Every structure is written in C-alpha cells, then in structure tokens.
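Coordinates as given in entry_6.cif (mmCIF, C-alpha atoms):
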```
data_upload
#
loop_
_atom_site.group_PDB
_atom_site.id
_atom_site.type_symbol
_atom_site.label_atom_id
_atom_site.label_comp_id
_atom_site.auth_asym_id
_atom_site.auth_seq_id
_atom_site.Cartn_x
_atom_site.Cartn_y
_atom_site.Cartn_z
ATOM 1 C CA GLY A 1 46.001 19.253 51.882
ATOM 2 C CA MET A 2 43.522 17.447 49.717
ATOM 3 C CA PRO A 3 43.162 13.680 50.153
ATOM 4 C CA ASP A 4 44.865 11.465 47.597
ATOM 5 C CA LEU A 5 41.854 10.184 45.661
ATOM 6 C CA GLU A 6 44.053 7.972 43.494
ATOM 7 C CA ARG A 7 45.159 5.924 46.540
ATOM 8 C CA PHE A 8 43.526 2.499 46.745
ATOM 9 C CA TRP A 9 43.541 1.160 50.313
ATOM 10 C CA THR A 10 43.358 -2.544 51.166
ATOM 11 C CA ARG A 11 41.683 -4.256 54.117
ATOM 12 C CA ALA A 12 45.077 -5.290 55.467
ATOM 13 C CA GLU A 13 46.328 -1.685 55.404
ATOM 14 C CA VAL A 14 43.250 -0.417 57.214
ATOM 15 C CA LEU A 15 43.403 -3.166 59.833
ATOM 16 C CA ALA A 16 47.068 -2.278 60.432
ATOM 17 C CA LEU A 17 46.297 1.380 61.253
ATOM 18 C CA PRO A 18 46.985 2.338 64.887
ATOM 19 C CA GLU A 19 44.294 2.497 67.552
ATOM 20 C CA ASP A 20 44.146 6.294 67.709
ATOM 21 C CA GLY A 21 40.503 6.927 68.593
ATOM 22 C CA ASN A 22 39.337 7.315 65.011
ATOM 23 C CA ARG A 23 36.891 5.028 63.269
ATOM 24 C CA TYR A 24 38.296 3.633 60.015
ATOM 25 C CA GLU A 25 36.117 2.182 57.288
ATOM 26 C CA LEU A 26 36.953 1.084 53.761
ATOM 27 C CA VAL A 27 34.543 1.398 50.841
ATOM 28 C CA ASP A 28 35.661 0.400 47.348
ATOM 29 C CA GLY A 29 39.292 1.103 48.233
ATOM 30 C CA GLU A 30 38.584 4.534 49.746
ATOM 31 C CA LEU A 31 39.556 5.100 53.373
ATOM 32 C CA LEU A 32 36.851 6.827 55.441
ATOM 33 C CA VAL A 33 37.965 8.313 58.759
ATOM 34 C CA THR A 34 35.585 9.612 61.404
ATOM 35 C CA PRO A 35 36.193 10.551 65.043
ATOM 36 C CA ARG A 36 34.818 8.550 67.946
ATOM 37 C CA PRO A 37 31.069 8.966 68.385
ATOM 38 C CA ARG A 38 29.894 11.674 70.774
ATOM 39 C CA PRO A 39 27.571 10.916 73.701
ATOM 40 C CA ALA A 40 24.440 12.029 71.789
ATOM 41 C CA HIS A 41 25.290 9.559 69.031
ATOM 42 C CA GLN A 42 25.761 6.769 71.573
ATOM 43 C CA ARG A 43 22.380 7.570 73.161
ATOM 44 C CA ALA A 44 20.764 7.358 69.719
ATOM 45 C CA VAL A 45 22.391 3.949 69.147
ATOM 46 C CA PHE A 46 21.280 2.682 72.543
ATOM 47 C CA ALA A 47 17.548 3.105 71.809
ATOM 48 C CA PRO A 48 17.358 0.479 69.016
ATOM 49 C CA ALA A 49 20.148 -1.558 70.656
ATOM 50 C CA ALA A 50 17.940 -2.006 73.723
ATOM 51 C CA ARG A 51 14.862 -3.035 71.712
ATOM 52 C CA LEU A 52 16.229 -5.190 68.896
ATOM 53 C CA PRO A 53 17.921 -8.069 70.816
ATOM 54 C CA PRO A 54 14.732 -9.440 72.452
ATOM 55 C CA HIS A 55 13.058 -9.663 69.029
ATOM 56 C CA VAL A 56 16.122 -11.268 67.447
ATOM 57 C CA ARG A 57 16.384 -13.831 70.275
ATOM 58 C CA ALA A 58 12.635 -14.605 70.276
ATOM 59 C CA HIS A 59 12.701 -15.390 66.561
ATOM 60 C CA ARG A 60 16.151 -17.030 66.586
ATOM 61 C CA LEU A 61 17.440 -14.643 63.932
ATOM 62 C CA GLY A 62 21.018 -14.548 65.197
ATOM 63 C CA GLU A 63 22.918 -12.161 67.443
ATOM 64 C CA CYS A 64 22.948 -8.373 67.824
ATOM 65 C CA TYR A 65 26.208 -6.440 67.982
ATOM 66 C CA VAL A 66 27.318 -2.820 68.213
ATOM 67 C CA SER A 67 30.482 -1.247 66.852
ATOM 68 C CA PRO A 68 33.387 -1.191 66.896
ATOM 69 C CA ALA A 69 33.537 -4.210 64.620
ATOM 70 C CA ASP A 70 35.484 -4.739 61.419
ATOM 71 C CA LEU A 71 33.005 -6.308 59.014
ATOM 72 C CA GLY A 72 34.436 -7.252 55.647
ATOM 73 C CA LEU A 73 31.482 -7.423 53.298
ATOM 74 C CA ARG A 74 33.743 -7.643 50.240
ATOM 75 C CA ALA A 75 37.494 -7.721 49.708
ATOM 76 C CA ASP A 76 37.662 -3.932 49.296
ATOM 77 C CA GLN A 77 35.312 -3.068 52.155
ATOM 78 C CA LEU A 78 35.628 -2.844 55.899
ATOM 79 C CA LEU A 79 32.608 -1.387 57.649
ATOM 80 C CA GLN A 80 31.547 -0.599 61.198
ATOM 81 C CA PRO A 81 27.768 -0.214 61.349
ATOM 82 C CA ASP A 82 26.477 1.168 64.633
ATOM 83 C CA LEU A 83 24.193 -1.816 65.278
ATOM 84 C CA PHE A 84 23.834 -5.028 63.300
ATOM 85 C CA VAL A 85 22.396 -8.548 63.354
ATOM 86 C CA ILE A 86 24.448 -11.554 62.281
ATOM 87 C CA ALA A 87 22.809 -14.885 61.452
ATOM 88 C CA PRO A 88 23.542 -17.655 63.921
ATOM 89 C CA GLY A 89 26.661 -19.689 63.253
ATOM 90 C CA ARG A 90 26.758 -23.441 63.191
ATOM 91 C CA ASP A 91 27.396 -23.560 66.922
ATOM 92 C CA GLY A 92 25.824 -20.185 67.657
ATOM 93 C CA LEU A 93 29.106 -18.517 68.657
ATOM 94 C CA LEU A 94 30.801 -15.893 66.533
ATOM 95 C CA ARG A 95 34.514 -15.926 67.380
ATOM 96 C CA ASP A 96 35.937 -13.415 64.898
ATOM 97 C CA TRP A 97 34.497 -10.675 62.686
ATOM 98 C CA SER A 98 35.852 -12.509 59.642
ATOM 99 C CA GLU A 99 33.225 -15.216 60.316
ATOM 100 C CA ALA A 100 30.316 -12.753 60.387
ATOM 101 C CA GLY A 101 29.424 -12.570 56.714
ATOM 102 C CA ILE A 102 26.882 -10.023 55.568
ATOM 103 C CA PRO A 103 24.590 -8.795 58.369
ATOM 104 C CA HIS A 104 20.855 -9.406 58.097
ATOM 105 C CA VAL A 105 20.159 -5.978 59.583
ATOM 106 C CA THR A 106 22.316 -2.890 59.908
ATOM 107 C CA VAL A 107 21.506 0.354 61.689
ATOM 108 C CA GLU A 108 23.592 3.467 61.078
ATOM 109 C CA ILE A 109 22.892 6.563 63.148
ATOM 110 C CA VAL A 110 23.501 9.703 61.115
ATOM 111 C CA SER A 111 24.713 12.548 63.307
ATOM 112 C CA PRO A 112 24.362 16.266 62.558
ATOM 113 C CA SER A 113 28.121 16.331 61.918
ATOM 114 C CA THR A 114 27.859 13.603 59.233
ATOM 115 C CA PRO A 115 28.616 15.024 55.773
ATOM 116 C CA ALA A 116 25.444 15.583 53.747
ATOM 117 C CA SER A 117 26.680 13.345 50.925
ATOM 118 C CA ILE A 118 26.770 10.237 53.137
ATOM 119 C CA GLY A 119 23.530 8.348 52.934
ATOM 120 C CA SER A 120 21.989 10.672 50.355
ATOM 121 C CA PRO A 121 20.952 9.323 46.956
ATOM 122 C CA ASN A 122 22.918 12.043 45.098
#
```
Take the structure from the file and write it as structure tokens.
Amino acid sequence: GMPDLERFWTRAEVLALPEDGNRYELVDGELLVTPRPRPAHQRAVFAPAARLPPHVRAHRLGECYVSPADLGLRADQLLQPDLFVIAPGRDGLLRDWSEAGIPHVTVEIVSPSTPASIGSPN
C-alpha cells in the first residue's frame, strides 16, 4: 500500500523502532527507511573516511565519525550521514549522539539505488 503521508513521526518513535537491519531517518516528521548499505557503498564511504581524519586532527577541528549514528539536528529530525565531523567537546570526548550538535561537515554517498528525488533541487 501507499505510505501514510499524514503520519507525523517523532524522534522517540523512530529511536524505539527495532534493530532490523534497516536505516531509519526522520526529516520534518517523515520517516525515511533504507536498507543497509551494500559493499560498493561502503567502499565509497571508506575513501573520504580514510583521508578526512588526518586533516581534522591536524587542524583540531573535532572528530570524524561514520554511521550508524542518530544525529538529532532538530526536534523533528534524526539523521545518519555516512561520514561527519563533530566539533570537539569541552573535554574532547563525545559520549552520546545527543551531545553532538550540528556537524561541521557531512558526507552522504548517493548510490545508484537512491531515489532520484533525494539530493536533487527539484
């Protein structure tokens, strides 16, 4: 059937979903569900993930992370960018994703199976 577009999901509801191998994200109350990344996607993530951390460390810009991670940029959002940089905390240690804030850098690898509407200006 068609998805219920009138349904407004909350962060708490999304965080309570079972660990079933899918990737759940929340954008403006809309639940986005994608399957686990395939090996080609992971290889594409690894290339910048191998190069970015030395630069971030050298310039003391924070820490690099890869998904899965539940970043709450706003109350009605829960995102899992493929690769991202978080500014250093007061003591330099991020203990929970709720402490992350808005990343300084995000990298999202768009796979051939990604719907054309995602990431396009239209």
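Close contacts of Tyr65 (chain A), defined as residues with an atom at most 12 Å away when counting all atoms listed in the file, with chain neighbours fewer than 6 positions off set aside, comprise Val45, Phe46, Pro48, Ala49, Ala50, Leu52, Pro53, Val56, Leu71, Gln80, Pro81, Asp82, Leu83, Phe84, Val85, Ile86, Ala87, Leu94, Trp97, Ala100, Pro103, His104, Val105, Thr106 and Val107 of chain A.
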Export, as a compact mmCIF listing (two decimals), in the frame of the given file, the selected residues with C-alpha atoms.
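Full text of part_3.txt as output:
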```txt
# COMPACT_ATOMS: atom_id res chain seq x y z
CA VAL A 45 22.39 3.95 69.15
CA PHE A 46 21.28 2.68 72.54
CA PRO A 48 17.36 0.48 69.02
CA ALA A 49 20.15 -1.56 70.66
CA ALA A 50 17.94 -2.01 73.72
CA LEU A 52 16.23 -5.19 68.90
CA PRO A 53 17.92 -8.07 70.82
CA VAL A 56 16.12 -11.27 67.45
CA LEU A 71 33.01 -6.31 59.01
CA GLN A 80 31.55 -0.60 61.20
CA PRO A 81 27.77 -0.21 61.35
CA ASP A 82 26.48 1.17 64.63
CA LEU A 83 24.19 -1.82 65.28
CA PHE A 84 23.83 -5.03 63.30
CA VAL A 85 22.40 -8.55 63.35
CA ILE A 86 24.45 -11.55 62.28
CA ALA A 87 22.81 -14.88 61.45
CA LEU A 94 30.80 -15.89 66.53
CA TRP A 97 34.50 -10.68 62.69
CA ALA A 100 30.32 -12.75 60.39
CA PRO A 103 24.59 -8.80 58.37
CA HIS A 104 20.86 -9.41 58.10
CA VAL A 105 20.16 -5.98 59.58
CA THR A 106 22.32 -2.89 59.91
CA VAL A 107 21.51 0.35 61.69
```
Which residues match the PyMOL selection byres ((chain A and resi 9-12) around 12) in the file above, as a PDB file with C-alpha atoms, in the frame of the given file?
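Generated file (part05.pdb):
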```pdb
ATOM      1  CA  ASP A   4      44.865  11.465  47.597  1.00  0.00           C
ATOM      2  CA  LEU A   5      41.854  10.184  45.661  1.00  0.00           C
ATOM      3  CA  GLU A   6      44.053   7.972  43.494  1.00  0.00           C
ATOM      4  CA  ARG A   7      45.159   5.924  46.540  1.00  0.00           C
ATOM      5  CA  PHE A   8      43.526   2.499  46.745  1.00  0.00           C
ATOM      6  CA  GLU A  13      46.328  -1.685  55.404  1.00  0.00           C
ATOM      7  CA  VAL A  14      43.250  -0.417  57.214  1.00  0.00           C
ATOM      8  CA  LEU A  15      43.403  -3.166  59.833  1.00  0.00           C
ATOM      9  CA  ALA A  16      47.068  -2.278  60.432  1.00  0.00           C
ATOM     10  CA  LEU A  17      46.297   1.380  61.253  1.00  0.00           C
ATOM     11  CA  TYR A  24      38.296   3.633  60.015  1.00  0.00           C
ATOM     12  CA  GLU A  25      36.117   2.182  57.288  1.00  0.00           C
ATOM     13  CA  LEU A  26      36.953   1.084  53.761  1.00  0.00           C
ATOM     14  CA  VAL A  27      34.543   1.398  50.841  1.00  0.00           C
ATOM     15  CA  ASP A  28      35.661   0.400  47.348  1.00  0.00           C
ATOM     16  CA  GLY A  29      39.292   1.103  48.233  1.00  0.00           C
ATOM     17  CA  GLU A  30      38.584   4.534  49.746  1.00  0.00           C
ATOM     18  CA  LEU A  31      39.556   5.100  53.373  1.00  0.00           C
ATOM     19  CA  LEU A  32      36.851   6.827  55.441  1.00  0.00           C
ATOM     20  CA  ASP A  70      35.484  -4.739  61.419  1.00  0.00           C
ATOM     21  CA  LEU A  71      33.005  -6.308  59.014  1.00  0.00           C
ATOM     22  CA  GLY A  72      34.436  -7.252  55.647  1.00  0.00           C
ATOM     23  CA  LEU A  73      31.482  -7.423  53.298  1.00  0.00           C
ATOM     24  CA  ARG A  74      33.743  -7.643  50.240  1.00  0.00           C
ATOM     25  CA  ALA A  75      37.494  -7.721  49.708  1.00  0.00           C
ATOM     26  CA  ASP A  76      37.662  -3.932  49.296  1.00  0.00           C
ATOM     27  CA  GLN A  77      35.312  -3.068  52.155  1.00  0.00           C
ATOM     28  CA  LEU A  78      35.628  -2.844  55.899  1.00  0.00           C
ATOM     29  CA  LEU A  79      32.608  -1.387  57.649  1.00  0.00           C
ATOM     30  CA  SER A  98      35.852 -12.509  59.642  1.00  0.00           C
TER      31      SER A  98
END
```
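In this model, the gap between CA of Ala44 (chain A) and CA of Ala58 (chain A) comes to 23.4 Å.
Taking CA of Arg23 (chain A) and CA of Ala69 (chain A) as the two end points, the separation is 9.9 Å.
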* To do: Enter the distance from CA of His41 (chain A) to CA of Asn22 (chain A), in Å, rounded to one decimal.
  => 14.8 Å
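With all atoms listed in the file as the atoms that count, the residue of A:Val110, A:Cys64, A:Ile102, A:Leu93 with the shortest distance to Gln42 (chain A) is A:Val110.
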* To do: Give as a ChimeraX atom specification each residue that has an atom at most 7 Å from (40.4, 8.9, 70.3) in the file, counting only C-alpha atoms.
  => /A:20-22,35-36
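Closest approach to Ile109 (chain A) from the set A:Arg43, A:Glu19, A:His55, A:Thr34 is made by A:Arg43, with distances taken over only C-alpha atoms.
Among the candidate residues A:Pro88, A:Pro37, A:Pro18, A:Arg51, the one lying nearest to Pro68 (chain A) is A:Pro37, with distances computed using all atoms listed in the file.
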